[in-house]
>>> print(open('structure-v8.txt').read())   # compact mmCIF, C-alpha atoms
# COMPACT_ATOMS: atom_id res chain seq x y z
CA MET R 1 5.35 179.31 24.82
CA GLU R 2 2.80 176.48 24.71
CA GLU R 3 0.35 178.79 22.92
CA LEU R 4 3.02 179.83 20.38
CA MET R 5 3.88 176.19 19.65
CA ALA R 6 0.17 175.51 19.06
CA TYR R 7 0.16 178.37 16.52
CA TYR R 8 3.14 176.82 14.73
CA GLN R 9 1.28 173.50 14.64
CA CYS R 10 -1.67 175.31 13.05
CA ALA R 11 0.68 176.84 10.47
CA ILE R 12 1.92 173.34 9.60
CA MET R 13 -1.68 172.19 9.07
CA GLU R 14 -2.38 175.21 6.84
CA MET R 15 0.73 174.52 4.74
CA GLU R 16 -0.05 170.82 4.39
CA THR R 17 -3.54 171.75 3.20
CA LYS R 18 -2.15 174.13 0.57
CA PHE R 19 -0.01 171.35 -0.91
CA LYS R 20 -2.79 168.74 -0.70
CA VAL R 21 -5.10 171.09 -2.62
CA LEU R 22 -2.45 171.64 -5.32
CA ASN R 23 -1.87 167.90 -5.58
CA GLN R 24 -5.61 167.26 -5.91
CA GLN R 25 -5.94 169.89 -8.64
CA PHE R 26 -3.12 168.29 -10.64
CA SER R 27 -4.73 164.89 -10.17
CA ILE R 28 -8.01 166.13 -11.65
CA ARG R 29 -6.65 168.40 -14.38
CA PHE R 30 -3.55 166.51 -15.54
CA GLU R 31 -4.23 162.98 -14.22
CA ARG R 32 -0.99 162.91 -12.25
CA ASN R 33 0.17 163.67 -8.73
CA PRO R 34 3.40 165.67 -8.42
CA ILE R 35 3.55 165.02 -4.66
CA GLU R 36 4.59 161.59 -3.38
CA ALA R 37 4.44 162.45 0.34
CA ILE R 38 4.20 165.33 2.79
CA LYS R 39 6.05 165.16 6.09
CA SER R 40 6.02 167.73 8.88
CA ARG R 41 7.74 168.40 12.17
CA LEU R 42 7.66 170.90 14.99
CA LYS R 43 11.11 171.74 16.37
CA SER R 44 11.54 170.52 19.95
CA SER R 45 11.88 172.95 22.86
CA ASP R 46 15.45 171.70 23.44
CA ALA R 47 16.45 172.39 19.82
CA ILE R 48 14.88 175.86 20.00
CA LYS R 49 16.70 176.61 23.26
CA GLN R 50 20.04 175.51 21.72
CA LYS R 51 19.52 177.87 18.76
CA LEU R 52 18.66 180.76 21.06
CA VAL R 53 21.67 180.08 23.32
CA LYS R 54 23.97 180.15 20.24
CA LYS R 55 22.46 183.53 19.30
CA GLU R 56 22.76 184.67 22.94
CA LEU R 57 19.02 185.30 23.14
CA PRO R 58 16.49 184.54 25.89
CA PHE R 59 14.05 181.64 25.67
CA THR R 60 10.92 183.75 25.19
CA PRO R 61 8.04 183.61 22.68
CA ASP R 62 9.11 186.96 21.16
CA ALA R 63 12.72 185.77 20.70
CA VAL R 64 11.50 182.55 19.07
CA GLU R 65 9.11 184.32 16.66
CA GLU R 66 11.66 186.96 15.66
CA ASN R 67 14.82 184.83 15.40
CA ILE R 68 13.98 181.18 14.67
CA LYS R 69 12.70 180.63 11.13
CA ASP R 70 12.32 176.84 11.13
CA VAL R 71 10.21 176.03 14.20
CA ALA R 72 7.50 174.73 11.86
CA GLY R 73 8.75 172.53 9.04
CA VAL R 74 6.99 170.91 6.10
CA ARG R 75 8.82 168.61 3.68
CA VAL R 76 7.23 167.90 0.30
CA ILE R 77 8.55 164.83 -1.54
CA CYS R 78 8.04 165.24 -5.29
CA SER R 79 8.15 162.80 -8.18
CA PHE R 80 10.46 164.85 -10.42
CA THR R 81 12.80 167.82 -10.08
CA GLU R 82 10.62 169.97 -12.33
CA ASP R 83 7.70 169.33 -9.93
CA ILE R 84 9.69 171.00 -7.15
CA TYR R 85 9.97 174.29 -9.04
CA MET R 86 6.41 174.09 -10.33
CA LEU R 87 4.98 173.56 -6.82
CA ALA R 88 7.17 176.30 -5.34
CA GLU R 89 5.94 178.70 -8.02
CA CYS R 90 2.28 177.73 -7.40
CA LEU R 91 2.71 178.22 -3.64
CA LEU R 92 4.43 181.60 -3.97
CA LYS R 93 1.71 182.88 -6.34
CA GLN R 94 -0.89 182.51 -3.59
CA ASP R 95 -1.77 185.96 -2.29
CA ASP R 96 -1.59 184.97 1.39
CA VAL R 97 1.95 183.53 1.15
CA GLU R 98 4.90 185.85 1.78
CA LEU R 99 8.38 184.65 0.79
CA ILE R 100 11.09 185.50 3.33
CA THR R 101 14.03 183.53 1.91
CA MET R 102 14.73 180.91 -0.75
CA LYS R 103 17.81 178.68 -0.85
CA ASP R 104 18.26 176.47 -3.90
CA TYR R 105 20.46 173.53 -2.94
CA ILE R 106 19.46 171.73 -6.14
CA LYS R 107 21.17 174.16 -8.50
CA LYS R 108 23.93 174.75 -5.92
CA PRO R 109 24.22 171.62 -3.74
CA LYS R 110 25.92 171.80 -0.35
CA ASP R 111 29.49 170.47 -0.15
CA SER R 112 28.12 167.29 1.43
CA GLY R 113 26.03 166.63 -1.70
CA TYR R 114 22.74 167.64 -0.06
CA ARG R 115 20.08 168.78 -2.53
CA SER R 116 16.72 170.40 -1.79
CA LEU R 117 14.82 173.65 -2.35
CA HIS R 118 14.27 175.52 0.92
CA LEU R 119 11.68 178.26 1.35
CA ILE R 120 10.97 180.25 4.47
CA VAL R 121 7.49 181.71 4.11
CA LYS R 122 4.93 183.49 6.23
CA ILE R 123 1.34 182.29 6.06
CA PRO R 124 -1.77 183.32 7.98
CA ILE R 125 -3.55 181.24 10.56
CA PHE R 126 -7.06 182.31 11.46
CA LEU R 127 -7.78 182.28 15.18
CA ARG R 128 -11.00 183.01 17.07
CA ASP R 129 -10.64 186.79 16.86
CA GLU R 130 -7.45 187.46 14.89
CA LYS R 131 -5.30 186.53 11.93
CA LYS R 132 -1.69 185.71 12.82
CA MET R 133 1.19 185.46 10.33
CA MET R 134 3.46 182.48 11.08
CA LYS R 135 6.79 181.39 9.59
CA VAL R 136 7.12 177.93 8.08
CA GLU R 137 10.16 176.29 6.52
CA VAL R 138 9.23 174.34 3.39
CA GLN R 139 11.68 171.81 1.94
CA LEU R 140 10.92 170.42 -1.52
CA ARG R 141 12.89 167.44 -2.78
CA THR R 142 12.56 164.40 -5.00
CA ILE R 143 12.30 160.83 -3.75
CA ALA R 144 15.99 160.32 -4.59
CA MET R 145 17.04 163.51 -2.76
CA ASP R 146 15.01 162.47 0.29
CA PHE R 147 16.41 158.93 0.22
CA TRP R 148 19.96 160.30 0.21
CA ALA R 149 19.32 162.96 2.88
CA SER R 150 17.62 160.51 5.25
CA LEU R 151 20.39 157.92 5.04
CA GLU R 152 23.16 160.54 5.11
CA HIS R 153 21.74 161.88 8.38
CA LYS R 154 21.70 158.40 9.93
CA LEU R 155 25.26 157.64 8.80
CA ARG R 156 26.90 161.01 9.47
CA TYR R 157 25.53 161.56 12.95
CA LYS R 158 26.75 158.30 14.42
CA LYS R 159 28.99 159.09 17.37
CA ASN R 160 32.68 158.21 17.88
CA ILE R 161 33.66 157.82 14.21
CA ASN R 162 37.39 157.83 13.44
CA PRO R 163 38.32 161.10 11.58
CA GLU R 164 39.91 159.10 8.72
CA VAL R 165 36.68 157.15 8.30
CA THR R 166 34.71 160.42 8.39
CA GLU R 167 36.71 161.83 5.45
CA GLU R 168 36.24 158.62 3.45
CA LEU R 169 32.54 158.59 4.39
CA ALA R 170 32.09 162.19 3.18
CA LYS R 171 33.65 161.28 -0.19
CA GLU R 172 31.41 158.21 -0.58
CA LEU R 173 28.31 160.19 0.43
CA GLY R 174 29.17 162.85 -2.15
CA GLU R 175 29.44 160.19 -4.86
CA CYS R 176 26.10 158.69 -3.79
CA ALA R 177 24.49 162.17 -3.97
CA ASN R 178 25.76 162.52 -7.55
CA LEU R 179 24.31 159.10 -8.43
CA CYS R 180 20.93 160.16 -7.01
CA ALA R 181 21.04 163.40 -9.02
CA SER R 182 21.89 161.43 -12.16
CA LEU R 183 18.98 159.07 -11.47
CA ASP R 184 16.59 162.04 -11.05
CA TYR R 185 17.75 163.46 -14.39
CA ARG R 186 17.35 160.12 -16.19
CA MET R 187 13.87 159.47 -14.75
CA GLU R 188 12.72 162.97 -15.70
CA THR R 189 14.11 162.49 -19.23
CA LEU R 190 12.18 159.20 -19.52
CA LYS R 191 8.99 160.85 -18.24
CA ASN R 192 9.32 163.64 -20.82
CA LYS R 193 9.81 161.09 -23.62
CA ILE R 194 6.69 159.18 -22.52
CA VAL R 195 4.63 162.41 -22.38
CA LYS R 196 5.59 163.18 -26.00
CA ILE R 197 4.46 159.74 -27.26
>>> encode(input="structure-v8.txt", output="structure tokens")
Amino acid sequence: MEELMAYYQCAIMEMETKFKVLNQQFSIRFERNPIEAIKSRLKSSDAIKQKLVKKELPFTPDAVEENIKDVAGVRVICSFTEDIYMLAECLLKQDDVELITMKDYIKKPKDSGYRSLHLIVKIPIFLRDEKKMMKVEVQLRTIAMDFWASLEHKLRYKKNINPEVTEELAKELGECANLCASLDYRMETLKNKIVKI
């Protein structure tokens, strides 16, 4: 299991490099950086075990590789919504990237108001004497989407909240998500006006 987790960490490094290269190319060619930040995380052993228990599967490397798609996670924070789709397209055009699933929570936000583009992809890592294909979850979102998601997580997962407060909180969080989406749209509109000048 330790070896498998090291492979997932390598896959994270590979994915981060892919996005850093794209960002550098845009910096040189278009004098702008579509990526504000790249964050990554490796799912903890406890979180993996919980997922496997829910699926009634054993805690083995094979079960993890076959059934858990988000052990390795990379989050790309973009300047504008159009950058999200542009970067996703650039990534998926690379001949060593295999798309497994795509979920567009920007065009169809979750009921909570959550927005992001999620990709599960397979990418190769090159070991001493073999090439191994590893799954990585990629989340692409704007600064506003990330701001909302980070604070929503902190607020929603506080323990012992009165159910009435929870319902009111969900409504307020939904309204805040809409404000963030409106802000993204307005900033992108302003950017497009400036580009035309």
>>> atom_distance(input="structure-v8.txt", atom1="CA of Cys78 (chain R)", atom2="CA of Leu99 (chain R)")
20.3 Å
>>> atom_distance(input="structure-v8.txt", atom1="CA of Ile100 (chain R)", atom2="CA of Met134 (chain R)")
11.3 Å
>>> closest_residue(input="structure-v8.txt", among="R:Leu169, R:Leu190, R:Cys10, R:Cys180", to="Ala72 (chain R)", atoms="all atoms listed in the file")
R:Cys10
>>> atom_distance(input="structure-v8.txt", atom1="CA of Glu65 (chain R)", atom2="CA of Arg128 (chain R)")
20.2 Å
>>> closest_residue(input="structure-v8.txt", among="R:Lys135, R:Lys122, R:Ser40, R:Met13", to="Asn67 (chain R)", atoms="only C-alpha atoms")
R:Lys135
>>> closest_residue(input="structure-v8.txt", among="R:Lys108, R:Asn33, R:Lys193, R:Leu42", to="Ala6 (chain R)", atoms="all atoms listed in the file")
R:Leu42
>>> axis_aligned_box(input="structure-v8.txt", around="region 28-40 of chain R", padding_each_side="4 Å", output="lines of an AutoDock Vina configuration file")
center_x = -1.0
center_y = 165.0
center_z = -3.3
size_x = 22.1
size_y = 14.8
size_z = 32.4
>>> closest_residue(input="structure-v8.txt", among="R:Asp96, R:Glu3, R:Asp104, R:Asp62", to="Val138 (chain R)", atoms="all atoms listed in the file")
R:Asp104
>>> closest_residue(input="structure-v8.txt", among="R:Asp129, R:Ala170, R:Met1, R:Ser44", to="Tyr157 (chain R)", atoms="all atoms listed in the file")
R:Ala170
